[in-house]
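Engineer: Contents of work.txt (compact mmCIF, C-alpha atoms):
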# COMPACT_ATOMS: atom_id res chain seq x y z
CA MET A 1469 111.39 56.74 78.86
CA GLN A 1470 109.78 53.84 77.12
CA ASP A 1471 108.86 53.61 73.47
CA GLY A 1472 111.27 56.43 72.58
CA ALA A 1473 108.97 59.04 74.16
CA VAL A 1474 110.82 62.23 75.01
CA THR A 1475 109.47 64.43 77.76
CA GLU A 1476 110.48 68.04 77.26
CA THR A 1477 111.37 69.75 80.53
CA ILE A 1478 111.10 73.54 80.82
CA GLN A 1479 112.14 75.73 83.72
CA TYR A 1480 109.55 78.15 85.07
CA LEU A 1481 109.73 80.99 87.56
CA THR A 1482 106.79 80.61 89.94
CA PHE A 1483 105.16 83.56 91.68
CA THR A 1484 102.00 84.31 93.61
CA LEU A 1485 99.09 86.65 92.98
CA ALA A 1486 96.35 86.64 95.64
CA GLU A 1487 97.15 83.13 96.90
CA GLU A 1488 97.22 81.68 93.36
CA LEU A 1489 100.42 80.20 91.95
CA PHE A 1490 101.51 81.32 88.47
CA ALA A 1491 104.55 80.53 86.36
CA LEU A 1492 106.52 82.09 83.50
CA ASP A 1493 108.98 80.43 81.16
CA ILE A 1494 112.37 81.31 82.70
CA GLY A 1495 113.64 82.20 79.20
CA LYS A 1496 111.35 85.27 79.25
CA VAL A 1497 112.52 86.46 82.69
CA ARG A 1498 115.46 88.89 82.79
CA GLU A 1499 115.60 89.55 86.54
CA VAL A 1500 113.59 89.91 89.72
CA LEU A 1501 113.72 93.20 91.62
CA ASP A 1502 112.59 94.15 95.11
CA TYR A 1503 109.62 96.49 94.87
CA THR A 1504 110.73 100.04 94.16
CA ALA A 1505 108.90 103.34 93.75
CA VAL A 1506 106.91 103.45 90.51
CA THR A 1507 106.30 106.77 88.73
CA ARG A 1508 102.65 106.99 87.65
CA VAL A 1509 102.01 108.03 84.06
CA PRO A 1510 98.70 109.89 83.62
CA GLY A 1511 96.15 108.63 81.12
CA THR A 1512 97.23 104.97 81.17
CA PRO A 1513 95.01 101.98 82.04
CA GLU A 1514 94.68 101.27 85.77
CA PHE A 1515 96.74 98.06 85.58
CA MET A 1516 99.68 100.07 84.15
CA ARG A 1517 101.16 101.18 87.46
CA GLY A 1518 103.77 103.47 85.83
CA VAL A 1519 107.48 103.26 85.06
CA ILE A 1520 110.73 102.53 86.88
CA ASN A 1521 114.30 103.46 86.06
CA LEU A 1522 116.28 100.26 85.49
CA ARG A 1523 119.94 101.19 85.10
CA GLY A 1524 119.07 104.18 82.92
CA SER A 1525 116.28 102.46 80.97
CA VAL A 1526 112.62 103.29 81.43
CA VAL A 1527 110.61 100.12 82.08
CA PRO A 1528 106.77 100.12 82.27
CA VAL A 1529 105.39 98.31 85.33
CA VAL A 1530 102.13 96.37 85.24
CA ASP A 1531 100.10 95.21 88.24
CA MET A 1532 99.40 91.59 87.25
CA ARG A 1533 96.61 91.34 89.84
CA LEU A 1534 94.69 94.22 88.21
CA LYS A 1535 95.35 92.79 84.76
CA PHE A 1536 93.69 89.54 85.84
CA GLY A 1537 90.71 91.24 87.53
CA MET A 1538 91.96 90.78 91.11
CA PRO A 1539 92.28 93.50 93.79
CA ALA A 1540 95.34 95.75 93.34
CA THR A 1541 98.68 94.54 94.69
CA GLU A 1542 99.35 95.84 98.19
CA LYS A 1543 103.02 96.52 98.77
CA GLY A 1544 104.30 93.96 101.25
CA VAL A 1545 107.66 92.63 102.36
CA ASN A 1546 107.75 90.08 99.50
CA THR A 1547 106.25 92.30 96.75
CA CYS A 1548 108.54 92.28 93.75
CA ILE A 1549 108.81 93.28 90.12
CA ILE A 1550 109.64 90.56 87.62
CA ILE A 1551 111.39 92.05 84.58
CA VAL A 1552 110.21 90.12 81.52
CA GLU A 1553 110.86 90.31 77.81
CA VAL A 1554 107.67 90.48 75.77
CA ALA A 1555 107.43 90.13 71.99
CA VAL A 1556 105.40 92.96 70.43
CA ASP A 1557 104.79 92.89 66.70
CA GLY A 1558 108.18 91.28 66.05
CA GLU A 1559 109.99 93.60 68.47
CA THR A 1560 110.98 92.87 72.05
CA THR A 1561 110.04 95.17 74.91
CA MET A 1562 110.92 94.99 78.59
CA LEU A 1563 108.09 95.08 81.10
CA GLY A 1564 107.96 94.92 84.88
CA ALA A 1565 105.30 92.57 86.25
CA MET A 1566 104.33 93.20 89.89
CA ALA A 1567 103.80 90.04 91.92
CA ASP A 1568 102.99 89.35 95.57
CA SER A 1569 106.06 87.13 95.86
CA VAL A 1570 108.43 85.01 93.81
CA GLN A 1571 108.56 81.37 94.88
CA GLU A 1572 111.14 79.32 93.01
CA VAL A 1573 112.48 78.13 89.68
CA LEU A 1574 110.73 74.87 88.92
CA GLU A 1575 111.29 72.27 86.22
CA LEU A 1576 108.14 70.81 84.75
CA GLY A 1577 108.04 68.07 82.15
CA SER A 1578 105.42 68.31 79.43
CA ASP A 1579 103.80 65.21 80.96
CA ARG A 1580 102.98 67.31 84.08
CA ILE A 1581 101.28 70.11 82.14
CA GLU A 1582 97.62 69.92 81.13
CA PRO A 1583 96.02 72.11 78.47
CA PRO A 1584 94.14 75.15 79.81
CA PRO A 1585 90.59 74.36 80.91
CA ARG A 1586 87.74 75.14 78.53
CA ILE A 1587 85.56 77.64 80.37
CA GLY A 1588 83.07 78.59 77.67
CA THR A 1589 83.71 80.94 74.79
CA ARG A 1590 83.31 84.29 76.56
CA LEU A 1591 86.45 84.02 78.66
CA ASN A 1592 89.75 84.76 76.94
CA ILE A 1593 92.26 82.22 78.21
CA GLU A 1594 94.64 82.19 75.25
CA PHE A 1595 97.36 83.68 77.50
CA ILE A 1596 97.32 80.49 79.63
CA ARG A 1597 99.86 78.06 78.20
CA GLY A 1598 98.71 75.28 80.49
CA MET A 1599 98.08 74.06 84.01
CA GLY A 1600 101.13 72.57 85.67
CA LYS A 1601 100.76 70.02 88.43
CA ARG A 1602 103.08 69.66 91.39
CA ASP A 1603 101.88 67.28 94.06
CA GLU A 1604 98.23 68.30 94.52
CA GLU A 1605 98.82 71.94 93.58
CA PHE A 1606 97.95 73.56 90.24
CA ILE A 1607 100.26 76.15 88.70
CA ILE A 1608 98.83 78.48 86.05
CA ILE A 1609 101.48 78.71 83.34
CA LEU A 1610 101.28 82.02 81.49
CA ASP A 1611 102.32 82.81 77.93
CA ILE A 1612 103.61 86.32 78.69
CA ASP A 1613 103.58 87.27 74.99
CA LYS A 1614 99.78 86.78 74.98
CA VAL A 1615 98.88 88.31 78.36
CA PHE A 1616 98.81 91.82 76.91
CA SER A 1617 97.06 92.95 73.75
CA LEU A 1618 98.97 94.78 71.05
CA SER A 1619 97.26 98.05 72.03
CA GLU A 1620 98.27 97.60 75.68
CA LEU A 1621 101.85 96.93 74.71
CA THR A 1622 101.80 99.92 72.38
CA ILE A 1623 100.78 102.04 75.41
CA ALA A 1624 103.66 100.50 77.38
CA ARG A 1625 106.12 101.30 74.59
CA GLY A 1626 104.73 104.84 74.45
CA MET A 1627 105.26 105.22 78.22
CA GLU A 1628 108.83 104.04 77.76
CA GLU A 1629 109.54 106.49 74.91
CA GLU A 1630 107.73 109.40 76.61
CA GLN A 1631 109.66 109.04 79.86
CA SER A 1632 112.94 108.60 77.96
CA ALA A 1633 112.28 111.92 76.19
CA VAL A 1634 111.45 113.63 79.52
CA ASN A 1635 114.57 112.21 81.19
CA GLY A 1636 116.75 112.56 78.11
Once you've parsed the file, please lay out its structure as structure tokens.
Structural biologist:
Amino acid sequence: MQDGAVTETIQYLTFTLAEELFALDIGKVREVLDYTAVTRVPGTPEFMRGVINLRGSVVPVVDMRLKFGMPATEKGVNTCIIIVEVAVDGETTMLGAMADSVQEVLELGSDRIEPPPRIGTRLNIEFIRGMGKRDEEFIIILDIDKVFSLSELTIARGMEEEQSAVNG
């Protein structure tokens, strides 16, 4: 810490999707669940796997692999659902994000995070907060509030409300 430079350290939950390592700000993560049966909701985008009942609340579940253009998540022994809080139009909604496995909680200083790569103008990478580095491994740090569009989150909220009305 020379010259009064302060390195901000943030904790991230790391998880895998198809052999790639991703991370979310731990402040957005509510809990991690073992994979459970997901009730499909007709007429929703393919990456919206359905809903789960979380202690009486209906929570939409998203297949993060499908959202990122990867093959669908295959249920395995480590498959899990990360319950995250996402800001939608000033309101907070809970969402379940399917992942192949959860790795660890990791502290990364801002000096170990690079800005997202510039990959031309056609690719939307605004949901990537940065690229973390640990040893020789890159970690794609997501901004969960920007991963989903407003219309996608509106669908998720609708799924939540619809299932609550059915169950209510």
Engineer: Between CA of Lys1535 (chain A) and CA of Arg1517 (chain A), what distance in Å does the model show, to one decimal?
Structural biologist: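 That distance, rounded to one decimal, is 10.6 Å.
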Engineer: Quick one: distance from CA of Gly1495 (chain A) to CA of Gly1564 (chain A) in Å, one decimal?
Structural biologist: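 CA of Gly1564 (chain A) lies at a distance of 15.0 Å from CA of Gly1495 (chain A).
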Engineer: Enter the distance from CA of Ala1565 (chain A) to CA of Thr1477 (chain A), in Å, rounded to one decimal.
Structural biologist: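 Those two atoms sit 24.3 Å apart.
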Engineer: If we count all atoms listed in the file and set the cut-off at 12 Å, which residues sit around region 1593-1609 of chain A, ignoring sequence neighbours fewer than 3 positions away in its own chain? Please answer as a ChimeraX atom specification.
Structural biologist: /A:1477-1485,1487-1494,1535-1536,1571,1574-1590,1612-1617
Engineer: Using only C-alpha atoms, can you tell me which of A:Glu1572, A:Glu1559, A:Glu1553, A:Glu1514 comes closest to Asp1611 (chain A)?
Structural biologist: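 Using only C-alpha atoms, Asp1611 (chain A) sits closest to A:Glu1553.
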Engineer: Counting only C-alpha atoms, what is within 9 Å of Leu1621 (chain A), bar same-chain residues fewer than 6 positions away, as a list of chain:residue names?
Structural biologist: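 After dropping sequence-adjacent residues, the list is A:Val1554, A:Val1556, A:Thr1561.
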Engineer: Tell me which of A:Val1570, A:Leu1618, A:Ala1486, A:Ile1623 sits closest to Asp1557 (chain A), counting all atoms listed in the file.
Structural biologist: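 Distance minimum relative to Asp1557 (chain A) lands on A:Leu1618.
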Engineer: With 12 Å as the threshold, what does the neighbourhood of (94.5, 97.1, 96.6) contain in terms of residues, counting only C-alpha atoms? Coordinates are those of the file; answer as a PDB file with C-alpha atoms, in the frame of the given file.
Structural biologist:
ATOM      1  CA  LEU A1485      99.090  86.650  92.980  1.00  0.00           C
ATOM      2  CA  ALA A1486      96.350  86.640  95.640  1.00  0.00           C
ATOM      3  CA  GLU A1514      94.680 101.270  85.770  1.00  0.00           C
ATOM      4  CA  PHE A1515      96.740  98.060  85.580  1.00  0.00           C
ATOM      5  CA  ASP A1531     100.100  95.210  88.240  1.00  0.00           C
ATOM      6  CA  MET A1532      99.400  91.590  87.250  1.00  0.00           C
ATOM      7  CA  ARG A1533      96.610  91.340  89.840  1.00  0.00           C
ATOM      8  CA  LEU A1534      94.690  94.220  88.210  1.00  0.00           C
ATOM      9  CA  GLY A1537      90.710  91.240  87.530  1.00  0.00           C
ATOM     10  CA  MET A1538      91.960  90.780  91.110  1.00  0.00           C
ATOM     11  CA  PRO A1539      92.280  93.500  93.790  1.00  0.00           C
ATOM     12  CA  ALA A1540      95.340  95.750  93.340  1.00  0.00           C
ATOM     13  CA  THR A1541      98.680  94.540  94.690  1.00  0.00           C
ATOM     14  CA  GLU A1542      99.350  95.840  98.190  1.00  0.00           C
ATOM     15  CA  LYS A1543     103.020  96.520  98.770  1.00  0.00           C
ATOM     16  CA  GLY A1544     104.300  93.960 101.250  1.00  0.00           C
ATOM     17  CA  ASP A1568     102.990  89.350  95.570  1.00  0.00           C
TER      18      ASP A1568
END
Engineer: List every protein, DNA or RNA residue with an atom no more than 6 Å from (111.8, 98.9, 82.3) in the file's coordinates, counting only C-alpha atoms, and format the result as a list in words.
Structural biologist: Ile1520, Leu1522, Ser1525, Val1526, Val1527, Pro1528, Met1562 and Leu1563 of chain A
Engineer: Of the candidates A:Ala1624, A:Met1566, A:Val1509, A:Val1552, which shows the shortest atom-to-atom distance to Val1497 (chain A), using all atoms listed in the file?
Structural biologist: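 Between A:Ala1624, A:Met1566, A:Val1509, A:Val1552, the residue approaching Val1497 (chain A) most closely is A:Val1552.
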Engineer: Taking into account only C-alpha atoms, which residue in the set A:Val1530, A:Glu1476, A:Glu1499, A:Val1545 is nearest to Pro1513 (chain A)?
Structural biologist: A:Val1530
Engineer: Let me know the centre plus edge lengths, in Å and rounded to one decimal, of a box with edges along x, y and z that contains all listed atoms of region 1518-1526 of chain A and is padded by 5 Å on every side, as lines of an AutoDock Vina configuration file.
Structural biologist:
center_x = 111.9
center_y = 102.2
center_z = 83.9
size_x = 26.2
size_y = 13.9
size_z = 15.9
